[in-house]
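What follows is the content of model.cif (mmCIF, C-alpha atoms).
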data_work
loop_
_atom_site.label_atom_id
_atom_site.label_comp_id
_atom_site.auth_asym_id
_atom_site.auth_seq_id
_atom_site.Cartn_x
_atom_site.Cartn_y
_atom_site.Cartn_z
CA MET X 22 -20.74 -31.02 -78.06
CA SER X 23 -21.26 -33.99 -80.31
CA THR X 24 -24.40 -33.38 -82.26
CA PRO X 25 -24.15 -35.63 -85.30
CA HIS X 26 -27.39 -34.67 -86.97
CA ARG X 27 -28.28 -31.20 -88.04
CA ILE X 28 -31.63 -29.80 -87.37
CA PRO X 29 -32.74 -27.83 -90.39
CA GLY X 30 -33.91 -24.26 -90.15
CA LEU X 31 -31.58 -23.33 -87.39
CA SER X 32 -28.69 -22.04 -89.48
CA ALA X 33 -29.59 -18.47 -88.69
CA PHE X 34 -29.27 -19.25 -85.04
CA SER X 35 -25.83 -20.77 -85.46
CA ARG X 36 -24.73 -17.68 -87.38
CA THR X 37 -25.57 -15.44 -84.45
CA GLN X 38 -23.69 -17.87 -82.29
CA ILE X 39 -20.61 -17.40 -84.38
CA THR X 40 -20.88 -13.62 -84.32
CA ALA X 41 -21.31 -13.73 -80.57
CA ALA X 42 -18.24 -15.87 -80.25
CA GLN X 43 -16.29 -13.46 -82.40
CA TYR X 44 -17.35 -10.52 -80.33
CA ALA X 45 -16.42 -12.38 -77.21
CA SER X 46 -12.96 -13.27 -78.41
CA HIS X 47 -12.36 -9.75 -79.61
CA GLY X 48 -13.50 -8.45 -76.26
CA ARG X 49 -11.14 -10.82 -74.55
CA THR X 50 -8.19 -9.58 -76.59
CA LEU X 51 -9.08 -6.02 -75.78
CA GLN X 52 -9.38 -6.86 -72.14
CA GLU X 53 -6.08 -8.67 -72.15
CA THR X 54 -4.18 -5.81 -73.71
CA HIS X 55 -5.88 -3.47 -71.31
CA ALA X 56 -5.03 -5.66 -68.37
CA SER X 57 -1.44 -6.09 -69.42
CA SER X 58 -1.01 -2.38 -69.87
CA LEU X 59 -2.54 -1.86 -66.46
CA GLN X 60 -0.23 -4.46 -65.07
CA THR X 61 2.75 -2.63 -66.51
CA GLN X 62 1.48 0.60 -65.05
CA LEU X 63 1.00 -1.01 -61.70
CA ALA X 64 4.45 -2.54 -61.82
CA VAL X 65 5.92 0.84 -62.66
CA PHE X 66 3.93 2.42 -59.91
CA GLN X 67 4.95 -0.19 -57.40
CA SER X 68 8.59 0.22 -58.22
CA LEU X 69 8.17 3.95 -57.86
CA LEU X 70 6.46 3.38 -54.57
CA HIS X 71 9.35 1.22 -53.58
CA GLN X 72 11.81 3.90 -54.52
CA PHE X 73 9.75 6.46 -52.70
CA ALA X 74 9.59 4.29 -49.61
CA VAL X 75 13.31 3.75 -49.59
CA THR X 76 14.16 7.41 -50.06
CA HIS X 77 11.71 8.51 -47.43
CA ALA X 78 12.13 5.64 -45.00
CA LYS X 79 13.24 7.97 -42.28
CA ASP X 80 10.27 10.26 -42.66
CA ILE X 81 7.88 7.36 -42.78
CA ARG X 82 9.27 6.09 -39.55
CA SER X 83 9.38 9.35 -37.68
CA ASN X 84 6.47 11.37 -38.99
CA PRO X 85 3.00 10.05 -38.24
CA THR X 86 1.17 12.17 -40.82
CA PHE X 87 3.60 11.19 -43.50
CA ARG X 88 3.24 7.57 -42.48
CA ALA X 89 -0.51 7.76 -42.64
CA GLU X 90 -0.39 9.31 -46.11
CA PHE X 91 1.97 6.65 -47.30
CA ALA X 92 -0.22 3.91 -45.91
CA ARG X 93 -3.25 5.44 -47.60
CA MET X 94 -1.37 5.47 -50.89
CA CYS X 95 -0.55 1.81 -50.48
CA ASN X 96 -4.14 0.99 -49.69
CA ALA X 97 -5.35 2.86 -52.75
CA ILE X 98 -3.42 0.56 -55.07
CA GLY X 99 -4.37 -2.51 -53.14
CA VAL X 100 -1.21 -3.14 -51.21
CA ASP X 101 -1.79 -3.97 -47.61
CA PRO X 102 1.45 -2.88 -46.04
CA LEU X 103 1.26 -5.25 -43.13
CA ALA X 104 -0.07 -8.39 -44.74
CA SER X 105 2.56 -10.55 -46.32
CA SER X 106 1.53 -9.80 -49.84
CA HIS X 107 4.10 -11.65 -51.88
CA THR X 108 4.63 -14.99 -50.32
CA ALA X 109 2.59 -18.03 -49.58
CA ARG X 110 0.62 -18.20 -46.40
CA GLY X 111 2.03 -19.95 -43.40
CA ALA X 112 5.63 -19.40 -44.39
CA GLY X 113 6.27 -16.99 -41.57
CA GLY X 114 9.87 -16.76 -42.67
CA LYS X 115 12.14 -13.85 -41.97
CA GLU X 116 13.80 -12.87 -45.22
CA ALA X 117 11.50 -14.31 -47.81
CA GLY X 118 8.30 -14.02 -45.82
CA GLY X 119 8.17 -10.52 -44.47
CA SER X 120 5.48 -8.01 -45.22
CA PHE X 121 5.49 -5.25 -47.76
CA TRP X 122 6.84 -2.90 -45.13
CA SER X 123 9.72 -5.12 -44.22
CA GLN X 124 10.61 -5.81 -47.85
CA MET X 125 10.58 -2.14 -48.64
CA LEU X 126 12.23 -0.77 -45.61
CA GLY X 127 14.35 -3.52 -44.26
CA GLY X 128 11.98 -4.24 -41.46
CA SER X 129 12.29 -1.05 -39.50
CA VAL X 130 8.83 0.26 -40.25
CA ASN X 131 7.46 -3.18 -39.75
CA ASP X 132 9.19 -3.37 -36.41
CA PHE X 133 7.76 0.00 -35.62
CA TYR X 134 4.25 -1.40 -35.88
CA PHE X 135 5.03 -4.48 -33.88
CA GLU X 136 6.63 -2.41 -31.18
CA LEU X 137 3.61 -0.16 -31.22
CA ALA X 138 1.36 -3.20 -31.01
CA VAL X 139 3.17 -4.27 -27.87
CA ARG X 140 2.54 -0.86 -26.33
CA VAL X 141 -1.10 -1.04 -27.31
CA VAL X 142 -1.41 -4.42 -25.64
CA GLU X 143 0.25 -3.00 -22.52
CA VAL X 144 -2.10 -0.05 -22.36
CA CYS X 145 -5.11 -2.27 -22.83
CA ARG X 146 -3.96 -4.59 -20.09
CA ASP X 147 -3.07 -1.80 -17.68
CA THR X 148 -6.45 -0.16 -18.00
CA ARG X 149 -8.56 -3.29 -18.22
CA ALA X 150 -9.63 -3.29 -14.59
CA GLU X 151 -10.90 0.22 -15.00
CA ASN X 152 -12.62 -0.05 -18.36
CA GLY X 153 -13.40 -3.72 -18.77
CA GLY X 154 -11.20 -3.99 -21.83
CA LEU X 155 -12.94 -1.39 -23.91
CA VAL X 156 -10.84 1.66 -24.59
CA ALA X 157 -11.01 4.50 -27.07
CA VAL X 158 -8.38 4.49 -29.79
CA ALA X 159 -7.66 8.15 -29.03
CA GLU X 160 -6.97 7.35 -25.40
CA VAL X 161 -4.58 4.57 -26.30
CA ARG X 162 -2.79 7.00 -28.60
CA GLN X 163 -2.44 9.54 -25.83
CA ARG X 164 -1.09 6.97 -23.43
CA VAL X 165 1.36 5.60 -25.97
CA GLN X 166 2.52 9.11 -26.78
CA LYS X 167 3.06 9.89 -23.15
CA GLY X 168 4.92 6.65 -22.72
CA ARG X 169 6.25 5.33 -19.47
CA GLY X 170 9.51 6.41 -18.02
CA VAL X 171 12.22 8.36 -19.71
CA GLY X 172 12.07 8.70 -23.47
CA GLY X 173 9.26 6.21 -23.61
CA GLY X 174 6.86 8.16 -25.78
CA MET X 175 6.18 7.35 -29.41
CA GLU X 176 4.96 9.83 -31.98
CA VAL X 177 1.88 8.09 -33.37
CA SER X 178 -1.47 8.78 -34.99
CA ASP X 179 -4.82 7.02 -34.54
CA ASP X 180 -4.18 5.45 -37.90
CA ASP X 181 -0.97 3.88 -36.60
CA ILE X 182 -2.80 2.46 -33.60
CA LEU X 183 -5.43 0.86 -35.81
CA ARG X 184 -2.73 -0.60 -38.04
CA ALA X 185 -0.91 -1.95 -35.03
CA VAL X 186 -4.05 -3.62 -33.72
CA LYS X 187 -4.55 -5.13 -37.16
CA SER X 188 -1.05 -6.52 -37.09
CA LEU X 189 -2.07 -8.52 -34.03
CA GLU X 190 -4.81 -10.30 -35.90
CA PRO X 191 -2.77 -13.27 -37.12
CA LEU X 192 -1.92 -14.04 -33.51
CA GLY X 193 -5.55 -14.64 -32.71
CA SER X 194 -5.16 -12.13 -29.95
CA GLY X 195 -8.81 -11.26 -29.69
CA PHE X 196 -8.07 -7.58 -30.09
CA THR X 197 -10.74 -6.03 -32.23
CA ILE X 198 -11.74 -2.60 -33.39
CA LEU X 199 -15.26 -1.65 -32.51
CA ASN X 200 -17.28 1.32 -33.66
CA LEU X 201 -19.41 2.80 -30.93
CA GLY X 202 -21.29 5.84 -32.03
CA HIS X 203 -18.68 8.08 -33.62
CA LYS X 204 -15.86 6.60 -31.68
CA GLN X 205 -13.47 3.85 -32.51
CA MET X 206 -12.70 1.59 -29.63
CA ILE X 207 -10.30 -1.25 -29.04
CA ARG X 208 -11.86 -4.27 -27.43
CA SER X 209 -9.21 -6.35 -25.75
CA VAL X 210 -11.42 -8.92 -24.08
CA PRO X 211 -12.51 -11.52 -26.58
CA LYS X 212 -16.08 -11.52 -25.39
CA GLU X 213 -18.89 -10.69 -27.73
CA LEU X 214 -21.25 -7.94 -26.78
CA ASN X 215 -24.85 -8.81 -27.46
CA THR X 216 -27.14 -6.40 -29.27
CA ASP X 217 -28.64 -4.99 -26.10
CA GLN X 218 -25.25 -4.33 -24.58
CA SER X 219 -23.99 -2.61 -27.73
CA THR X 220 -27.12 -0.51 -27.85
CA VAL X 221 -26.63 0.67 -24.27
CA LEU X 222 -22.93 1.39 -24.78
CA GLU X 223 -23.73 3.33 -27.92
CA ALA X 224 -26.36 5.34 -26.08
CA ILE X 225 -23.83 6.12 -23.36
CA GLN X 226 -21.30 7.29 -25.95
CA VAL X 227 -23.86 9.69 -27.33
CA LEU X 228 -25.56 10.85 -24.15
CA GLY X 229 -22.72 10.58 -21.66
CA HIS X 230 -24.66 8.32 -19.35
CA VAL X 231 -27.94 6.42 -19.12
CA THR X 232 -30.47 5.67 -16.44
CA LEU X 233 -32.93 2.82 -16.26
CA SER X 234 -35.84 5.07 -17.11
CA MET X 235 -33.98 6.48 -20.11
CA LEU X 236 -33.58 2.96 -21.41
CA ARG X 237 -37.22 2.17 -20.76
CA ILE X 238 -38.54 5.28 -22.43
CA ASN X 239 -36.20 5.50 -25.40
CA LEU X 240 -35.84 1.84 -26.20
CA ASN X 241 -39.18 0.62 -24.95
CA TRP X 242 -37.51 -1.94 -22.80
CA GLU X 243 -39.19 -3.57 -19.86
CA ARG X 244 -37.50 -2.72 -16.59
CA PRO X 245 -36.10 -6.23 -16.00
CA ARG X 246 -34.50 -6.21 -19.43
CA ALA X 247 -32.82 -2.87 -18.78
CA ILE X 248 -31.62 -4.04 -15.37
CA ALA X 249 -30.24 -7.26 -16.79
CA VAL X 250 -28.24 -5.46 -19.48
CA ILE X 251 -26.86 -2.90 -17.03
CA ASP X 252 -25.94 -5.62 -14.56
CA ASP X 253 -24.07 -7.52 -17.25
CA LEU X 254 -22.19 -4.42 -18.33
CA MET X 255 -21.32 -3.57 -14.75
CA ALA X 256 -20.09 -7.08 -14.07
CA ASP X 257 -17.68 -6.68 -16.99
CA SER X 258 -16.49 -3.26 -15.75
CA LEU X 259 -17.81 -1.69 -18.92
CA VAL X 260 -20.06 0.62 -16.97
CA TRP X 261 -19.65 2.50 -13.68
CA VAL X 262 -22.51 3.45 -11.41
CA ASP X 263 -23.13 6.89 -9.93
CA LYS X 264 -25.57 6.65 -7.05
CA GLN X 265 -25.43 10.32 -6.12
CA ALA X 266 -27.57 11.51 -8.99
CA ASP X 267 -31.34 11.95 -8.69
CA GLU X 268 -31.79 8.72 -10.50
CA THR X 269 -28.91 6.27 -10.48
CA GLU X 270 -26.76 6.94 -13.52
CA TYR X 271 -24.54 4.59 -15.47
CA TRP X 272 -21.41 5.94 -17.10
CA SER X 273 -18.79 4.51 -19.37
CA PRO X 274 -15.28 4.60 -17.90
CA THR X 275 -14.01 5.60 -21.32
CA PHE X 276 -15.23 9.06 -20.34
CA ILE X 277 -12.71 9.30 -17.53
CA HIS X 278 -9.94 10.10 -19.93
CA ASP X 279 -12.06 11.77 -22.55
CA THR X 280 -10.69 15.27 -22.47
CA GLY X 281 -12.20 16.24 -25.76
CA GLY X 282 -9.67 15.23 -28.33
CA GLN X 283 -6.26 16.00 -27.01
CA MET K 15 3.46 25.49 6.24
CA THR K 16 5.58 27.40 3.81
CA SER K 17 4.54 25.58 0.68
CA THR K 18 3.51 27.79 -2.17
CA THR K 19 0.06 26.58 -2.95
CA THR K 20 -0.21 26.29 -6.66
CA ASP K 21 -3.29 24.54 -7.91
CA PHE K 22 -3.09 20.82 -7.81
CA PRO K 23 -3.77 19.36 -11.26
CA PHE K 24 -6.55 16.93 -10.47
CA PRO K 25 -6.55 13.76 -12.55
CA PRO K 26 -9.43 13.15 -14.95
CA HIS K 27 -11.01 10.70 -12.50
CA HIS K 28 -11.78 13.60 -10.23
CA SER K 29 -14.42 14.93 -12.59
CA PHE K 30 -15.99 11.56 -13.37
CA PRO K 31 -19.20 11.35 -11.34
CA PRO K 32 -19.15 7.58 -10.63
CA PHE K 33 -15.71 7.99 -9.09
CA TYR K 34 -17.53 9.13 -5.93
CA THR K 35 -19.64 6.00 -5.64
CA LEU K 36 -17.70 2.94 -4.59
CA GLN K 37 -18.30 0.46 -7.38
CA PRO K 38 -20.12 -2.73 -6.41
CA VAL K 39 -18.19 -4.97 -8.79
CA LEU K 40 -14.98 -6.13 -7.17
CA SER K 41 -12.53 -5.75 -10.05
CA THR K 42 -13.86 -2.31 -10.90
CA ARG K 43 -13.71 -1.30 -7.26
CA THR K 44 -10.11 -2.41 -6.90
CA SER K 45 -9.11 -0.24 -9.83
CA GLN K 46 -11.14 2.61 -8.36
CA LEU K 47 -9.47 2.25 -4.95
CA ALA K 48 -6.08 2.28 -6.62
CA SER K 49 -7.01 5.48 -8.44
CA TRP K 50 -8.15 7.07 -5.19
CA SER K 51 -4.93 6.04 -3.53
CA HIS K 52 -2.92 7.60 -6.35
CA LEU K 53 -4.97 10.76 -6.13
CA ILE K 54 -4.62 11.12 -2.36
CA GLN K 55 -0.88 10.51 -2.48
CA ALA K 56 -0.34 12.94 -5.34
CA TYR K 57 -2.49 15.56 -3.65
CA CYS K 58 -0.59 15.28 -0.37
CA ARG K 59 2.75 15.29 -2.14
CA HIS K 60 1.77 18.42 -4.00
CA HIS K 61 0.68 20.21 -0.85
CA ARG K 62 3.36 18.57 1.29
CA LEU K 63 0.83 17.08 3.63
CA PHE K 64 1.80 14.13 5.73
CA GLN K 65 -1.44 13.51 7.55
CA LEU K 66 -5.07 14.02 6.69
CA SER K 67 -8.17 14.07 8.80
CA LEU K 68 -11.15 12.61 7.01
CA ARG K 69 -13.54 14.87 8.85
CA ASP K 70 -11.55 18.00 8.05
CA ALA K 71 -10.96 17.00 4.46
CA ALA K 72 -14.58 16.04 3.83
CA ASP K 73 -15.48 19.45 2.48
CA GLY K 74 -12.12 20.05 0.85
CA PRO K 75 -11.49 19.75 -2.87
CA LEU K 76 -9.95 16.32 -2.52
CA PHE K 77 -13.08 14.46 -1.49
CA TYR K 78 -15.70 16.95 -2.58
CA ASN K 79 -16.07 18.10 -6.15
CA ARG K 80 -18.28 21.13 -5.75
CA ALA K 81 -18.72 21.75 -9.46
CA LEU K 82 -19.89 18.22 -9.97
CA GLY K 83 -21.97 18.06 -6.80
CA ARG K 84 -20.36 14.76 -5.86
CA ARG K 85 -18.51 13.77 -2.72
CA LEU K 86 -16.88 10.70 -1.35
CA SER K 87 -18.80 9.89 1.82
CA LEU K 88 -17.00 9.50 5.11
CA LYS K 89 -17.78 5.82 5.13
CA ASP K 90 -16.42 5.28 1.64
CA ALA K 91 -13.38 7.44 2.35
CA ARG K 92 -12.64 5.19 5.33
CA GLU K 93 -12.74 2.22 3.04
CA VAL K 94 -10.30 3.91 0.69
CA VAL K 95 -7.90 4.53 3.57
CA GLU K 96 -8.32 0.96 4.82
CA TRP K 97 -7.44 -0.26 1.37
CA MET K 98 -4.43 2.04 1.14
CA ALA K 99 -3.24 0.73 4.49
CA SER K 100 -3.60 -2.88 3.43
CA LYS K 101 -0.95 -5.05 1.82
CA GLU K 102 -2.94 -5.01 -1.38
CA GLY K 103 -2.91 -1.23 -1.38
CA GLY K 104 0.83 -1.16 -0.86
CA GLU K 105 0.59 0.12 2.73
CA ARG K 106 0.36 3.71 1.60
CA ALA K 107 -1.60 4.88 4.63
CA GLU K 108 -1.72 4.30 8.34
CA TRP K 109 -4.33 5.32 10.89
CA VAL K 110 -3.15 7.65 13.63
CA GLY K 111 -4.69 5.97 16.63
CA ASP K 112 -6.58 2.85 15.65
CA LYS K 113 -9.88 3.57 17.32
CA GLU K 114 -11.06 6.79 15.82
CA ARG K 115 -10.20 6.12 12.21
CA ASP K 116 -10.14 9.78 11.33
CA ARG K 117 -6.55 10.99 11.06
CA PHE K 118 -4.17 9.01 8.95
CA TRP K 119 -0.66 9.17 7.62
CA VAL K 120 -0.40 9.37 3.88
CA TRP K 121 2.73 7.58 2.84
CA TRP K 122 3.50 9.18 -0.47
CA ARG K 123 6.88 8.15 0.86
CA ARG K 124 7.00 5.50 3.53
CA PRO K 125 9.22 6.19 6.59
CA GLU K 126 11.89 3.82 5.29
CA GLU K 127 11.83 5.64 1.96
CA TRP K 128 12.26 8.94 3.80
CA ALA K 129 15.16 7.42 5.70
CA GLY K 130 16.79 6.62 2.38
CA VAL K 131 16.21 10.13 1.04
CA ILE K 132 17.72 11.75 4.14
CA ALA K 133 20.68 9.40 4.21
CA ALA K 134 21.36 10.10 0.54
CA TRP K 135 21.28 13.84 1.17
CA VAL K 136 23.71 13.54 4.09
CA GLU K 137 26.00 11.46 1.93
CA ALA K 138 25.80 13.83 -1.02
CA THR K 139 26.52 16.90 1.06
CA GLY K 140 29.38 15.29 2.95
CA GLN K 141 27.83 15.67 6.35
CA LYS K 142 28.63 12.29 7.73
CA ASN K 143 29.97 12.42 11.23
CA THR K 144 28.72 15.95 11.78
CA VAL K 145 25.98 16.71 14.23
CA LEU K 146 22.80 18.25 12.95
CA THR K 147 19.78 19.28 14.94
CA LEU K 148 16.46 17.88 13.86
CA TYR K 149 15.22 21.41 13.48
CA GLU K 150 18.07 22.18 11.11
CA LEU K 151 17.28 19.12 9.04
CA THR K 152 13.78 20.15 8.15
CA GLU K 153 13.65 23.91 8.68
CA SER K 154 17.01 25.42 7.75
CA ASP K 155 17.76 27.03 4.41
CA ALA K 156 20.25 24.31 3.68
CA THR K 157 17.43 21.85 3.09
CA ALA K 158 15.00 24.25 1.46
CA SER K 159 15.26 22.47 -1.86
CA GLN K 160 14.89 19.02 -0.33
CA GLU K 161 11.68 17.05 -0.29
CA PHE K 162 11.97 16.51 3.45
CA HIS K 163 12.06 20.23 4.11
CA GLY K 164 9.20 21.13 6.41
CA MET K 165 8.55 17.52 7.24
CA ASP K 166 6.31 16.51 10.10
CA PRO K 167 8.58 16.17 13.18
CA GLU K 168 7.02 12.91 14.23
CA LEU K 169 7.61 11.43 10.81
CA LEU K 170 11.17 12.70 10.85
CA GLN K 171 11.76 10.93 14.14
CA ARG K 172 10.29 7.73 12.78
CA SER K 173 12.46 7.88 9.69
CA LEU K 174 15.58 8.62 11.68
CA GLN K 175 14.80 5.74 14.02
CA ILE K 176 15.02 3.47 11.03
CA LEU K 177 18.51 4.76 10.31
CA VAL K 178 19.39 4.33 13.97
CA LYS K 179 18.30 0.72 13.82
CA ARG K 180 20.45 0.18 10.77
CA GLY K 181 23.37 1.68 12.70
CA LYS K 182 23.60 4.60 10.36
CA ALA K 183 22.63 7.36 12.73
CA GLN K 184 22.52 8.22 16.37
CA ILE K 185 20.05 10.51 18.05
CA PHE K 186 20.82 12.34 21.26
CA GLY K 187 19.69 15.28 23.32
CA SER K 188 16.30 15.75 24.85
CA ASP K 189 12.87 16.73 23.71
CA ASP K 190 13.38 20.27 22.51
CA SER K 191 16.89 20.08 21.22
CA LEU K 192 17.41 16.77 19.54
CA GLY K 193 20.52 16.24 17.50
CA VAL K 194 21.47 13.53 15.10
CA LYS K 195 24.76 12.25 13.86
CA PHE K 196 25.03 10.19 10.73
CA PHE K 197 27.59 7.51 10.02
#

What do you get writing this file as structure tokens?
Amino acid sequence: MSTPHRIPGLSAFSRTQITAAQYASHGRTLQETHASSLQTQLAVFQSLLHQFAVTHAKDIRSNPTFRAEFARMCNAIGVDPLASSHTARGAGGKEAGGSFWSQMLGGSVNDFYFELAVRVVEVCRDTRAENGGLVAVAEVRQRVQKGRGVGGGMEVSDDDILRAVKSLEPLGSGFTILNLGHKQMIRSVPKELNTDQSTVLEAIQVLGHVTLSMLRINLNWERPRAIAVIDDLMADSLVWVDKQADETEYWSPTFIHDTGGQ
Amino acid sequence: MTSTTTDFPFPPHHSFPPFYTLQPVLSTRTSQLASWSHLIQAYCRHHRLFQLSLRDAADGPLFYNRALGRRLSLKDAREVVEWMASKEGGERAEWVGDKERDRFWVWWRRPEEWAGVIAAWVEATGQKNTVLTLYELTESDATASQEFHGMDPELLQRSLQILVKRGKAQIFGSDDSLGVKFF
């Protein structure tokens, strides 16, 4: 900004510049006070949240609805309970590192999610041969709740399952949440579905099953295209064939355990 | 049979139409065969059946879901049994007479497992060194609450033979009145 010579006739312009600058600085001050007051509020709120979490640790651990509400509250103020929110990335330490959950609750809630994640992985692996690694969140919940063996069940909600799957993310586990129609699914095989495959799976979620002619008529696909997609899905165990219908039908194995909610 | 026939709670697979078509893809089929094996074992356990005949069972609720209009064909059912009988299937079935491939044992407990159950019962009830008739073992009131109550006589013999081989029992008598003594 070194303009040694003045250009006459532009003084009016420089005056507006000054006013603009004044407005800007005033705005900044306002914003700063606003921000700092917000920050104080947030700090107060967070400490209250902390207090709340400590007092109700037991409920949070044992009651899935309560836990879900608490998690929603955290989300609303931008605290991701599972992500390590306070420390630098890559630390991975125990005491200092830890997530929000573990800092608040001494690790027990955190452990809860990791334990749950292990169960989720088990369920996905146990059922993979049957469903090709695509399983409804609700089904996983039911299986986890039932548990295996004596006293194995865990009281969990769909929300918990989703959170547990999320907690696996940093491991590069390839577990992803997939929306198919109205249903949330866990995909445990790190293989991308192409658009055609997703379309067919979505149609199956809605209609219960598909046939080649349904695909041809509704999607305007040529027969070879429909066959290719179905063959791919079958090869991955994502679709089962029923040859006893009038026209061969293709079903999703996720329907086996779909008992309508519970 | 004395079993009180309450309805068997069929697993969800039973009302899934493709369950009745053997799946062409190997990994899917293996999981399907395992599910069939589970189902057949659970069904027989529930109804205390030790043998099934494929031909007789073809129209029964196990292989034929009337409401769904789906059935497991005789040919496919044979494959299920073959798989159950294999090492991979855990040897949970065995053809009665190799040629016909119609009747088969369903090992929801294998004979050696039955041997263990019987031996444990004898031990628990302090009946070592006493003589029991085979009839008593499976038909008397004393065993009414036991899983081996009402057991197929041939299977009982097979299981006891295992105990005999282990030197834990001795069978004597003839055809109609067999007795057994446990050690």

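Contact shell of Leu177 of chain K at 10 Å (only C-alpha atoms; same-chain neighbours under 2 positions omitted): K:Glu126, K:Trp128, K:Ala129, K:Gly130, K:Ile132, K:Ala133, K:Gln171, K:Arg172, K:Ser173, K:Leu174, K:Gln175, K:Lys179, K:Arg180, K:Gly181, K:Lys182, K:Ala183, K:Gln184, K:Ile185, K:Phe196, K:Phe197.
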
- Query: Which residue out of X:Ala78, X:Ala159, X:Ala45, X:Leu70 has the minimum interatomic distance to Gln205 of chain X when all atoms listed in the file are used?
  - Reply: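 Result for the nearest residue to Gln205 of chain X: X:Ala159.
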
- Expand the PyMOL selection byres ((chain K and resi 107) around 7) into the individual residues it matches in the shown file, reporting them as an MDAnalysis selection string. chainID K and resid 95 98:99 105:106 108:109 118:121

- Task: Residues of chain K near chain X: apply a cut-off of 10 Å, count only C-alpha atoms, and supply the list as number ranges by chain.
- Result: K: 25-46, 48-49, 83-86

- Task: Within 12 Å of Asp181 of chain X, counting only C-alpha atoms, which residues show up once you throw out same-chain ones fewer than 6 positions away? Write them as a VMD selection string, please.
- Result: chain X and resid 81 to 93 102 to 103 130 to 131 133 to 138 140 to 141 158 to 159 161 to 162 165 to 166 175 187 to 188

Any chance you could model all heavy atoms for segment 163-167 of chain X and send them as a PDB file, in the frame of the given file?
ATOM      1  N   GLN X 163      -2.991   8.600 -26.807  1.00  0.00           N
ATOM      2  CA  GLN X 163      -2.440   9.540 -25.830  1.00  0.00           C
ATOM      3  C   GLN X 163      -1.498   8.858 -24.854  1.00  0.00           C
ATOM      4  O   GLN X 163      -0.440   9.377 -24.517  1.00  0.00           O
ATOM      5  CB  GLN X 163      -3.566  10.199 -25.043  1.00  0.00           C
ATOM      6  CG  GLN X 163      -4.203  11.343 -25.799  1.00  0.00           C
ATOM      7  CD  GLN X 163      -5.463  11.824 -25.108  1.00  0.00           C
ATOM      8  OE1 GLN X 163      -5.535  11.860 -23.889  1.00  0.00           O
ATOM      9  NE2 GLN X 163      -6.457  12.189 -25.886  1.00  0.00           N
ATOM     10  N   ARG X 164      -1.924   7.677 -24.410  1.00  0.00           N
ATOM     11  CA  ARG X 164      -1.090   6.970 -23.430  1.00  0.00           C
ATOM     12  C   ARG X 164       0.225   6.513 -24.046  1.00  0.00           C
ATOM     13  O   ARG X 164       1.278   6.581 -23.423  1.00  0.00           O
ATOM     14  CB  ARG X 164      -1.842   5.765 -22.860  1.00  0.00           C
ATOM     15  CG  ARG X 164      -2.824   6.171 -21.777  1.00  0.00           C
ATOM     16  CD  ARG X 164      -3.654   4.982 -21.360  1.00  0.00           C
ATOM     17  NE  ARG X 164      -4.647   5.365 -20.392  1.00  0.00           N
ATOM     18  CZ  ARG X 164      -4.487   5.242 -19.081  1.00  0.00           C
ATOM     19  NH1 ARG X 164      -3.375   4.743 -18.593  1.00  0.00           N
ATOM     20  NH2 ARG X 164      -5.434   5.617 -18.254  1.00  0.00           N
ATOM     21  N   VAL X 165       0.139   6.039 -25.294  1.00  0.00           N
ATOM     22  CA  VAL X 165       1.360   5.600 -25.970  1.00  0.00           C
ATOM     23  C   VAL X 165       2.293   6.787 -26.183  1.00  0.00           C
ATOM     24  O   VAL X 165       3.504   6.696 -25.998  1.00  0.00           O
ATOM     25  CB  VAL X 165       1.038   4.921 -27.312  1.00  0.00           C
ATOM     26  CG1 VAL X 165       2.298   4.722 -28.131  1.00  0.00           C
ATOM     27  CG2 VAL X 165       0.345   3.594 -27.081  1.00  0.00           C
ATOM     28  N   GLN X 166       1.700   7.918 -26.534  1.00  0.00           N
ATOM     29  CA  GLN X 166       2.520   9.110 -26.780  1.00  0.00           C
ATOM     30  C   GLN X 166       3.216   9.569 -25.516  1.00  0.00           C
ATOM     31  O   GLN X 166       4.359   9.996 -25.549  1.00  0.00           O
ATOM     32  CB  GLN X 166       1.634  10.233 -27.326  1.00  0.00           C
ATOM     33  CG  GLN X 166       1.568  10.212 -28.824  1.00  0.00           C
ATOM     34  CD  GLN X 166       0.555  11.182 -29.365  1.00  0.00           C
ATOM     35  OE1 GLN X 166      -0.292  11.681 -28.632  1.00  0.00           O
ATOM     36  NE2 GLN X 166       0.616  11.434 -30.647  1.00  0.00           N
ATOM     37  N   LYS X 167       2.467   9.485 -24.416  1.00  0.00           N
ATOM     38  CA  LYS X 167       3.060   9.890 -23.150  1.00  0.00           C
ATOM     39  C   LYS X 167       4.176   8.922 -22.760  1.00  0.00           C
ATOM     40  O   LYS X 167       5.201   9.317 -22.246  1.00  0.00           O
ATOM     41  CB  LYS X 167       1.991   9.915 -22.059  1.00  0.00           C
ATOM     42  CG  LYS X 167       1.924  11.281 -21.374  1.00  0.00           C
ATOM     43  CD  LYS X 167       1.001  11.252 -20.169  1.00  0.00           C
ATOM     44  CE  LYS X 167      -0.470  11.447 -20.518  1.00  0.00           C
ATOM     45  NZ  LYS X 167      -1.371  11.070 -19.441  1.00  0.00           N
TER      46      LYS X 167
END
